[in-house]
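Enquirer: So here's protein-v4.txt, just compact mmCIF, C-alpha atoms and all ligand atoms:
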# COMPACT_ATOMS: atom_id res chain seq x y z
CA MET S 5 48.58 21.28 -47.49
CA PRO S 6 46.67 17.95 -47.32
CA ALA S 7 46.57 15.87 -50.49
CA LEU S 8 44.40 13.03 -51.70
CA PRO S 9 45.71 9.70 -50.39
CA ALA S 10 46.92 7.53 -53.27
CA ASP S 11 44.71 4.64 -52.16
CA LEU S 12 41.58 6.71 -51.52
CA LEU S 13 38.30 4.96 -52.20
CA LEU S 14 35.45 7.33 -52.89
CA SER S 15 31.95 6.74 -51.56
CA GLN S 16 28.90 8.23 -53.21
CA SER S 17 28.57 10.64 -50.29
CA ALA S 18 32.19 11.80 -50.71
CA LEU S 19 31.60 12.38 -54.42
CA ALA S 20 28.35 14.20 -53.65
CA ASP S 21 30.20 16.42 -51.19
CA PHE S 22 32.75 17.32 -53.86
CA ALA S 23 30.07 17.87 -56.51
CA GLU S 24 28.06 20.19 -54.24
CA CYS S 25 30.94 22.02 -52.59
CA PRO S 26 34.62 21.16 -53.06
CA LEU S 27 35.45 23.02 -49.84
CA ARG S 28 33.11 20.75 -47.89
CA PHE S 29 34.89 17.73 -49.37
CA ARG S 30 38.19 19.17 -48.24
CA TYR S 31 36.98 19.94 -44.72
CA ARG S 32 35.49 16.48 -44.27
CA TYR S 33 37.90 14.15 -46.07
CA LEU S 34 41.25 15.95 -46.23
CA ASP S 35 41.30 18.20 -43.17
CA GLY S 36 39.19 15.88 -41.00
CA VAL S 37 37.21 18.78 -39.53
CA ARG S 38 34.49 17.62 -37.15
CA LEU S 39 32.22 20.22 -35.63
CA PRO S 40 30.01 19.55 -32.61
CA GLU S 41 26.47 18.82 -33.75
CA ALA S 42 23.75 21.19 -32.60
CA THR S 43 20.87 19.19 -34.01
CA ALA S 44 17.36 19.85 -32.71
CA PRO S 45 16.17 17.02 -30.43
CA GLU S 46 13.25 16.09 -32.73
CA VAL S 47 15.61 15.79 -35.70
CA ARG S 48 18.06 13.73 -33.69
CA THR S 49 15.22 11.40 -32.68
CA ARG S 50 14.20 10.91 -36.30
CA VAL S 51 17.80 10.21 -37.26
CA GLU S 52 18.02 7.63 -34.50
CA ARG S 53 14.81 6.06 -35.77
CA GLY S 54 16.40 5.72 -39.21
CA ARG S 55 19.53 4.21 -37.76
CA ALA S 56 17.50 1.82 -35.58
CA PHE S 57 15.53 0.65 -38.61
CA HIS S 58 18.72 -0.06 -40.55
CA LEU S 59 20.03 -2.11 -37.62
CA LEU S 60 16.76 -4.04 -37.39
CA ALA S 61 16.81 -4.71 -41.14
CA HIS S 62 20.41 -5.91 -40.80
CA ARG S 63 19.34 -8.35 -38.08
CA HIS S 64 16.38 -9.51 -40.17
CA PHE S 65 18.58 -10.49 -43.13
CA ALA S 66 21.38 -11.85 -40.94
CA GLY S 67 18.95 -14.44 -39.59
CA LEU S 68 18.56 -12.81 -36.18
CA GLU S 69 15.32 -11.80 -34.50
CA PRO S 70 14.69 -8.09 -35.26
CA VAL S 71 13.38 -7.21 -31.82
CA VAL S 72 12.53 -3.58 -31.16
CA PRO S 73 13.69 -2.77 -27.61
CA PRO S 74 10.77 -1.47 -25.56
CA GLY S 75 10.98 2.18 -24.66
CA VAL S 76 13.08 3.31 -27.63
CA PRO S 77 11.70 6.38 -29.41
CA HIS S 78 9.23 5.49 -32.18
CA ALA S 79 9.09 1.86 -30.93
CA ALA S 80 5.58 1.21 -32.26
CA GLU S 81 6.41 2.67 -35.66
CA LEU S 82 9.65 0.69 -35.85
CA ALA S 83 7.80 -2.52 -35.03
CA GLU S 84 5.31 -1.80 -37.83
CA TRP S 85 8.18 -1.05 -40.23
CA VAL S 86 9.83 -4.38 -39.37
CA ARG S 87 6.56 -6.20 -40.07
CA ALA S 88 6.29 -4.35 -43.39
CA LEU S 89 9.87 -5.36 -44.23
CA HIS S 90 9.08 -8.98 -43.50
CA ARG S 91 6.07 -8.84 -45.85
CA PHE S 92 8.02 -6.99 -48.51
CA CYS S 93 11.18 -9.07 -48.57
CA SER S 94 11.17 -12.32 -46.70
CA PRO S 95 14.38 -14.31 -47.05
CA ARG S 96 14.17 -17.34 -49.38
CA PRO S 97 16.48 -20.34 -48.98
CA ASP S 98 17.68 -20.32 -52.60
CA ARG S 99 19.04 -16.76 -52.41
CA THR S 100 22.07 -15.22 -50.72
CA TYR S 101 21.37 -12.18 -48.57
CA LEU S 102 24.22 -9.79 -47.84
CA PRO S 103 23.04 -7.03 -45.46
CA GLU S 104 25.21 -3.94 -44.89
CA PHE S 105 27.58 -5.28 -47.52
CA GLU S 106 30.57 -3.21 -48.62
CA LEU S 107 32.44 -3.45 -51.90
CA GLY S 108 35.50 -1.51 -52.99
CA LEU S 109 36.51 -1.15 -56.61
CA ARG S 110 40.25 -0.77 -57.07
CA ALA S 111 39.93 0.47 -60.65
CA PRO S 112 42.47 3.17 -61.64
CA ASP S 113 39.84 5.58 -62.99
CA LEU S 114 36.99 4.53 -60.74
CA PRO S 115 38.30 4.08 -57.17
CA LEU S 116 34.85 3.64 -55.69
CA ALA S 117 33.31 2.11 -52.60
CA ALA S 118 29.70 1.23 -51.95
CA ARG S 119 27.89 0.04 -48.88
CA TYR S 120 24.64 -1.66 -49.69
CA ASP S 121 21.82 -1.87 -47.18
CA LEU S 122 21.18 -5.26 -48.76
CA LEU S 123 22.55 -7.10 -51.78
CA VAL S 124 20.69 -10.21 -52.89
CA LEU S 125 22.32 -12.81 -55.14
CA GLU S 126 19.76 -14.91 -56.96
CA PRO S 127 20.46 -18.42 -58.23
CA ASP S 128 19.78 -17.46 -61.87
CA GLY S 129 22.54 -14.82 -61.70
CA ARG S 130 20.37 -11.76 -61.12
CA ARG S 131 21.35 -9.24 -58.45
CA THR S 132 19.17 -6.84 -56.50
CA ILE S 133 20.46 -3.88 -54.51
CA TYR S 134 18.05 -2.72 -51.82
CA ASP S 135 18.25 0.66 -50.16
CA TRP S 136 16.05 1.49 -47.18
CA LYS S 137 14.82 5.05 -46.92
CA THR S 138 13.19 6.30 -43.75
CA SER S 139 11.51 9.28 -45.35
CA PRO S 140 9.24 9.40 -48.43
CA LEU S 141 10.97 8.58 -51.72
CA PRO S 142 11.73 11.35 -54.19
CA PRO S 143 10.49 10.88 -57.79
CA SER S 144 12.04 7.96 -59.69
CA GLY S 145 13.79 10.29 -62.14
CA ARG S 146 15.68 11.94 -59.32
CA LEU S 147 16.60 8.60 -57.80
CA ALA S 148 17.81 7.31 -61.18
CA ALA S 149 20.10 10.30 -61.71
CA SER S 150 21.43 10.36 -58.14
CA LEU S 151 25.07 9.66 -57.42
CA GLN S 152 24.00 6.94 -55.03
CA THR S 153 22.22 5.01 -57.79
CA ARG S 154 25.05 5.56 -60.26
CA VAL S 155 27.83 4.53 -57.86
CA TYR S 156 26.00 1.57 -56.35
CA ARG S 157 25.13 -0.01 -59.69
CA LEU S 158 28.48 0.81 -61.25
CA VAL S 159 30.49 -0.78 -58.44
CA LEU S 160 28.42 -3.93 -58.61
CA ALA S 161 28.52 -4.17 -62.41
CA LEU S 162 32.33 -3.84 -62.43
CA ALA S 163 32.99 -5.97 -59.35
CA GLY S 164 33.59 -9.20 -61.24
CA PRO S 165 32.67 -12.63 -59.87
CA PRO S 166 31.12 -13.70 -57.59
CA TYR S 167 29.20 -10.45 -57.13
CA ALA S 168 28.68 -9.00 -60.61
CA PRO S 169 26.15 -10.68 -62.87
CA ALA S 170 26.97 -11.68 -66.44
CA ALA S 171 25.27 -8.59 -67.85
CA PRO S 172 24.23 -5.19 -66.42
CA GLU S 173 20.65 -6.02 -67.38
CA ASP S 174 20.68 -8.53 -64.51
CA ILE S 175 21.07 -5.73 -61.93
CA ARG S 176 18.17 -3.85 -60.45
CA MET S 177 18.09 -1.35 -57.63
CA VAL S 178 15.14 -1.04 -55.28
CA TYR S 179 14.53 1.93 -53.02
CA TRP S 180 11.99 1.16 -50.33
CA TYR S 181 10.33 3.33 -47.70
CA PRO S 182 8.59 1.31 -44.96
CA GLY S 183 6.04 4.08 -44.45
CA ASP S 184 4.73 3.37 -47.97
CA PRO S 185 5.67 -0.29 -48.34
CA ASP S 186 3.69 -1.06 -51.50
CA GLN S 187 5.35 1.65 -53.58
CA PRO S 188 9.02 0.74 -53.99
CA ALA S 189 11.04 2.51 -56.67
CA VAL S 190 12.49 -0.22 -58.90
CA LEU S 191 15.25 0.85 -61.27
CA SER S 192 16.52 -1.45 -64.00
CA TYR S 193 19.98 -1.34 -65.58
CA SER S 194 21.51 -1.74 -69.03
CA ALA S 195 24.80 -1.55 -70.90
CA GLU S 196 23.87 1.99 -72.00
CA LEU S 197 23.23 3.13 -68.43
CA LEU S 198 26.45 1.48 -67.29
CA ALA S 199 28.40 3.45 -69.92
CA GLU S 200 26.63 6.65 -68.86
CA ASP S 201 27.37 6.04 -65.18
CA ALA S 202 31.02 5.29 -65.91
CA ALA S 203 31.30 8.53 -67.89
CA VAL S 204 29.52 10.73 -65.31
CA VAL S 205 31.25 9.28 -62.26
CA GLY S 206 34.60 8.98 -64.05
CA GLU S 207 34.50 12.68 -64.98
CA LEU S 208 33.74 13.63 -61.38
CA VAL S 209 36.64 11.48 -60.12
CA ARG S 210 38.96 13.09 -62.69
CA ARG S 211 37.91 16.59 -61.60
CA LEU S 212 38.43 15.70 -57.97
CA ARG S 213 41.88 14.27 -58.56
CA ASP S 214 42.89 17.26 -60.70
CA THR S 215 41.86 19.78 -58.05
CA PRO S 216 44.59 20.60 -55.51
CA ALA S 217 43.32 20.95 -51.96
CA ALA S 218 44.06 24.67 -51.97
CA ALA S 219 41.81 25.09 -55.00
CA MET S 220 38.82 23.27 -53.49
CA ALA S 221 36.57 26.27 -53.46
CA ALA S 222 33.38 27.14 -51.61
CA THR S 223 30.11 26.80 -53.47
CA ASP S 224 28.16 29.99 -54.12
CA ASP S 225 24.86 28.16 -53.78
CA ASP S 226 23.27 29.38 -50.57
CA SER S 227 20.69 26.59 -50.64
CA VAL S 228 23.58 24.13 -50.19
CA CYS S 229 25.25 26.17 -47.45
CA ARG S 230 22.07 26.59 -45.41
CA HIS S 231 22.02 22.90 -44.48
CA CYS S 232 25.76 22.32 -44.35
CA THR S 233 27.50 21.03 -41.24
CA TYR S 234 30.28 23.55 -41.81
CA ARG S 235 28.08 26.62 -41.97
CA PRO S 236 29.32 27.79 -38.56
CA LEU S 237 32.91 27.61 -39.86
CA CYS S 238 32.21 29.40 -43.16
CA PHE S 239 29.58 31.91 -42.09
CA GLY S 240 29.49 31.94 -38.30
CA ALA S 241 25.85 30.89 -38.41
CA ALA S 242 24.11 27.69 -37.33
CA ARG S 243 22.95 25.42 -40.09
CA GLU S 244 19.27 25.04 -40.74
CA GLU S 245 17.50 21.79 -40.00
CA VAL S 246 18.19 19.10 -42.57
CA ALA S 247 15.86 16.52 -44.03
CA GLU S 248 16.02 13.39 -41.93
CA GLU S 249 17.26 11.11 -44.69
CA GLU S 250 20.21 13.35 -45.52
CA GLU S 251 21.18 13.33 -41.89
CA ALA S 252 20.74 9.59 -41.53
CA SER S 253 22.73 8.76 -44.65
CA GLU S 254 25.57 10.98 -43.46
CA ILE S 255 25.82 8.89 -40.33
CA LEU S 256 25.34 5.58 -42.07
CA ALA S 257 27.79 6.28 -44.87
CA THR S 258 30.81 6.26 -42.60
CA PHE S 259 33.13 3.79 -44.27
CA SER S 260 35.78 1.69 -42.66
CA TRP S 261 38.17 2.41 -45.48
CA ASP S 262 40.62 -0.33 -44.64
CA ASP S 263 38.22 -3.24 -44.42
CA LEU S 264 36.43 -3.18 -47.74
CA PRO S 265 36.62 -6.31 -49.86
CA GLU S 266 38.30 -5.07 -52.99
CA VAL S 267 37.81 -6.34 -56.49
CA ASN S 268 39.87 -5.70 -59.56
CA PRO S 269 37.77 -5.49 -62.70
S1 LIG S 301 28.96 26.20 -45.65
FE1 LIG S 301 28.79 26.31 -47.88
S2 LIG S 301 30.82 26.93 -48.56
FE2 LIG S 301 31.05 26.23 -46.44
S3 LIG S 301 31.64 24.07 -46.64
FE3 LIG S 301 29.41 24.15 -46.42
S4 LIG S 301 28.59 24.14 -48.49
FE4 LIG S 301 30.74 24.69 -48.60
Using structure tokens, write down the structure that the file contains.
Ligand code: SF4

Expert:
Amino acid sequence: MPALPADLLLSQSALADFAECPLRFRYRYLDGVRLPEATAPEVRTRVERGRAFHLLAHRHFAGLEPVVPPGVPHAAELAEWVRALHRFCSPRPDRTYLPEFELGLRAPDLPLAARYDLLVLEPDGRRTIYDWKTSPLPPSGRLAASLQTRVYRLVLALAGPPYAPAAPEDIRMVYWYPGDPDQPAVLSYSAELLAEDAAVVGELVRRLRDTPAAAMAATDDDSVCRHCTYRPLCFGAAREEVAEEEEASEILATFSWDDLPEVNP
């Protein structure tokens, strides 16, 4: 029976898998089950558009020309999105831009990993986490309570120097959708929110660690199963089409577990 590796670092997507369906966590992270994708071509194209935009944004903040190759699907839209990104967040010489930046937190109770689309270090000590979404943003309340927001801010706040600011109040997280570039969701942080995040995420980590693989049970929520990759395995039925951002983040959240810069708070 597979067991949790002692040095496992948990991403927000791994925690979300466990929170939604422990059996899905087991299939994906302990058993390593990979099923062939039977995604509809139009969904696959949208996913590729999301991935292409993330690569272009990476190039933009790495100081490279974000050129959209002619002939790729959604080329005109991608070019417009890149222009919107340039208007929204143009690199300034006094700031440090860390695109696609990964941090691992080797804390005993919070073994977490985060991959930021962009982390910006400002000279006055403030830090901004940017996350690019390629579908319309959900309401701010939902973003604020999401595991992604909790894990991303928590990892940064506990990372220590040179990444963490002096106080959690100096962290903000910005979700941005290039299709609606003037309406970013900007979330502030505080010591109270940090304590809440540590409690919520810490409890989830504890539950995960205390659950033997054999006891990682299937959810009884059909709305979760309908869009699950493993629906063919559990129910012998194809999964229903997923929202593009869920699909994109699943692809983009593939960690290289061994290469994360670790910090010890
Ligand atoms: S199909 Fe449902 S029960 Fe099976 S792994 Fe997916 S979410 Fe869990």

Enquirer: To one decimal place in Å, what is the distance between CA of Arg48 (chain S) and CA of Val190 (chain S)?

Expert: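 About the pair CA of Arg48 (chain S) and CA of Val190 (chain S): they are 29.3 Å apart.
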
Enquirer: What does the list of residues within 8 Å of ligand LIG 301 (chain S) look like if you count only C-alpha atoms and all ligand atoms, written as a list in words?

Expert: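 Going residue by residue within 8 Å of ligand LIG 301 (chain S), we get Glu24, Cys25, Pro26, Leu27, Arg28, Phe29, Tyr31, Ala221, Ala222, Thr223, Asp224, Asp225, Asp226, Val228, Cys229, Arg230, His231, Cys232, Thr233, Tyr234, Arg235, Pro236, Leu237, Cys238 and Phe239 of chain S.
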
Enquirer: Could those selected residues go to a file with C-alpha atoms, as a compact mmCIF listing (two decimals), keeping the file's coordinate frame?

Expert:
# COMPACT_ATOMS: atom_id res chain seq x y z
CA GLU S 24 28.06 20.19 -54.24
CA CYS S 25 30.94 22.02 -52.59
CA PRO S 26 34.62 21.16 -53.06
CA LEU S 27 35.45 23.02 -49.84
CA ARG S 28 33.11 20.75 -47.89
CA PHE S 29 34.89 17.73 -49.37
CA TYR S 31 36.98 19.94 -44.72
CA ALA S 221 36.57 26.27 -53.46
CA ALA S 222 33.38 27.14 -51.61
CA THR S 223 30.11 26.80 -53.47
CA ASP S 224 28.16 29.99 -54.12
CA ASP S 225 24.86 28.16 -53.78
CA ASP S 226 23.27 29.38 -50.57
CA VAL S 228 23.58 24.13 -50.19
CA CYS S 229 25.25 26.17 -47.45
CA ARG S 230 22.07 26.59 -45.41
CA HIS S 231 22.02 22.90 -44.48
CA CYS S 232 25.76 22.32 -44.35
CA THR S 233 27.50 21.03 -41.24
CA TYR S 234 30.28 23.55 -41.81
CA ARG S 235 28.08 26.62 -41.97
CA PRO S 236 29.32 27.79 -38.56
CA LEU S 237 32.91 27.61 -39.86
CA CYS S 238 32.21 29.40 -43.16
CA PHE S 239 29.58 31.91 -42.09

Enquirer: Residues of region 125-152 of chain S that have any atom at most 10 Å from an atom of region 78-95 of chain S: could you tabulate them with the shortest-distance atom pair and the distance in Å to one decimal, using all atoms listed in the file, ordered by chain and increasing number, as a Markdown table?

Expert:
| residue | atom | partner | partner_atom | distance |
| --- | --- | --- | --- | --- |
| S:Tyr134 | CA | S:Cys93 | CA | 9.9 |
| S:Trp136 | CA | S:Leu89 | CA | 9.7 |
| S:Thr138 | CA | S:Trp85 | CA | 9.6 |

Enquirer: Can you report as JSON the centre and edge lengths in Å, to one decimal, of an axis-aligned box around the listed atoms of region 218-231 of chain S padded with 5 Å on each side?

Expert:
{"center_x": 32.4, "center_y": 26.4, "center_z": -49.7, "size_x": 33.4, "size_y": 17.1, "size_z": 20.5}

Enquirer: Could you check the closest approach to Ser15 (chain S) for each of S:Asp121, S:Glu244, S:Asp135, S:Glu106 and tell me which residue wins, using only C-alpha atoms?

Expert: S:Glu106

Enquirer: CA of Arg55 (chain S) to CA of Gly108 (chain S): how many Å, to one decimal?

Expert: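 Interatomic distance here is 22.8 Å.
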
Enquirer: Between CA of Leu34 (chain S) and CA of Ala217 (chain S), what is the distance in Å, rounded to a tenth?

Expert: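 Between CA of Leu34 (chain S) and CA of Ala217 (chain S) the gap works out to 7.9 Å.
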
Enquirer: Check which residues of region 174-218 of chain S sit at most 12 Å from region 57-62 of chain S using only C-alpha atoms, and return one row each with the closest pair of atoms and their distance in Å to one decimal, ordered by chain and rising number, as CSV.

Expert:
residue,atom,partner,partner_atom,distance
S:Trp180,CA,S:Ala61,CA,11.9
S:Tyr181,CA,S:Phe57,CA,10.8
S:Pro182,CA,S:Phe57,CA,9.4
S:Gly183,CA,S:Phe57,CA,11.7

Enquirer: Neighbouring residues of Gly206 (chain S) were defined as those with any atom within 8 Å, considering only C-alpha atoms; residues of the same chain fewer than 5 positions away were excluded. Please report them as a list in words.

Expert: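 With the cut-off at 8 Å, the set is Asp113, Leu114 and Asp201 of chain S.
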
Enquirer: Identify, on the basis of only C-alpha atoms, every residue whose closest approach to Tyr179 (chain S) does not exceed 10 Å; exclude the query and any residue fewer than 4 positions from it along the same chain; express the result as an mmCIF file with C-alpha atoms, in the frame of the given file.

Expert:
data_model
loop_
_atom_site.group_PDB
_atom_site.id
_atom_site.type_symbol
_atom_site.label_atom_id
_atom_site.label_comp_id
_atom_site.auth_asym_id
_atom_site.auth_seq_id
_atom_site.Cartn_x
_atom_site.Cartn_y
_atom_site.Cartn_z
ATOM 1 C CA ILE S 133 20.460 -3.880 -54.510
ATOM 2 C CA TYR S 134 18.050 -2.720 -51.820
ATOM 3 C CA ASP S 135 18.250 0.660 -50.160
ATOM 4 C CA TRP S 136 16.050 1.490 -47.180
ATOM 5 C CA LYS S 137 14.820 5.050 -46.920
ATOM 6 C CA LEU S 141 10.970 8.580 -51.720
ATOM 7 C CA PRO S 142 11.730 11.350 -54.190
ATOM 8 C CA SER S 144 12.040 7.960 -59.690
ATOM 9 C CA LEU S 147 16.600 8.600 -57.800
ATOM 10 C CA THR S 153 22.220 5.010 -57.790
ATOM 11 C CA GLN S 187 5.350 1.650 -53.580
ATOM 12 C CA PRO S 188 9.020 0.740 -53.990
ATOM 13 C CA ALA S 189 11.040 2.510 -56.670
ATOM 14 C CA VAL S 190 12.490 -0.220 -58.900
ATOM 15 C CA LEU S 191 15.250 0.850 -61.270
#
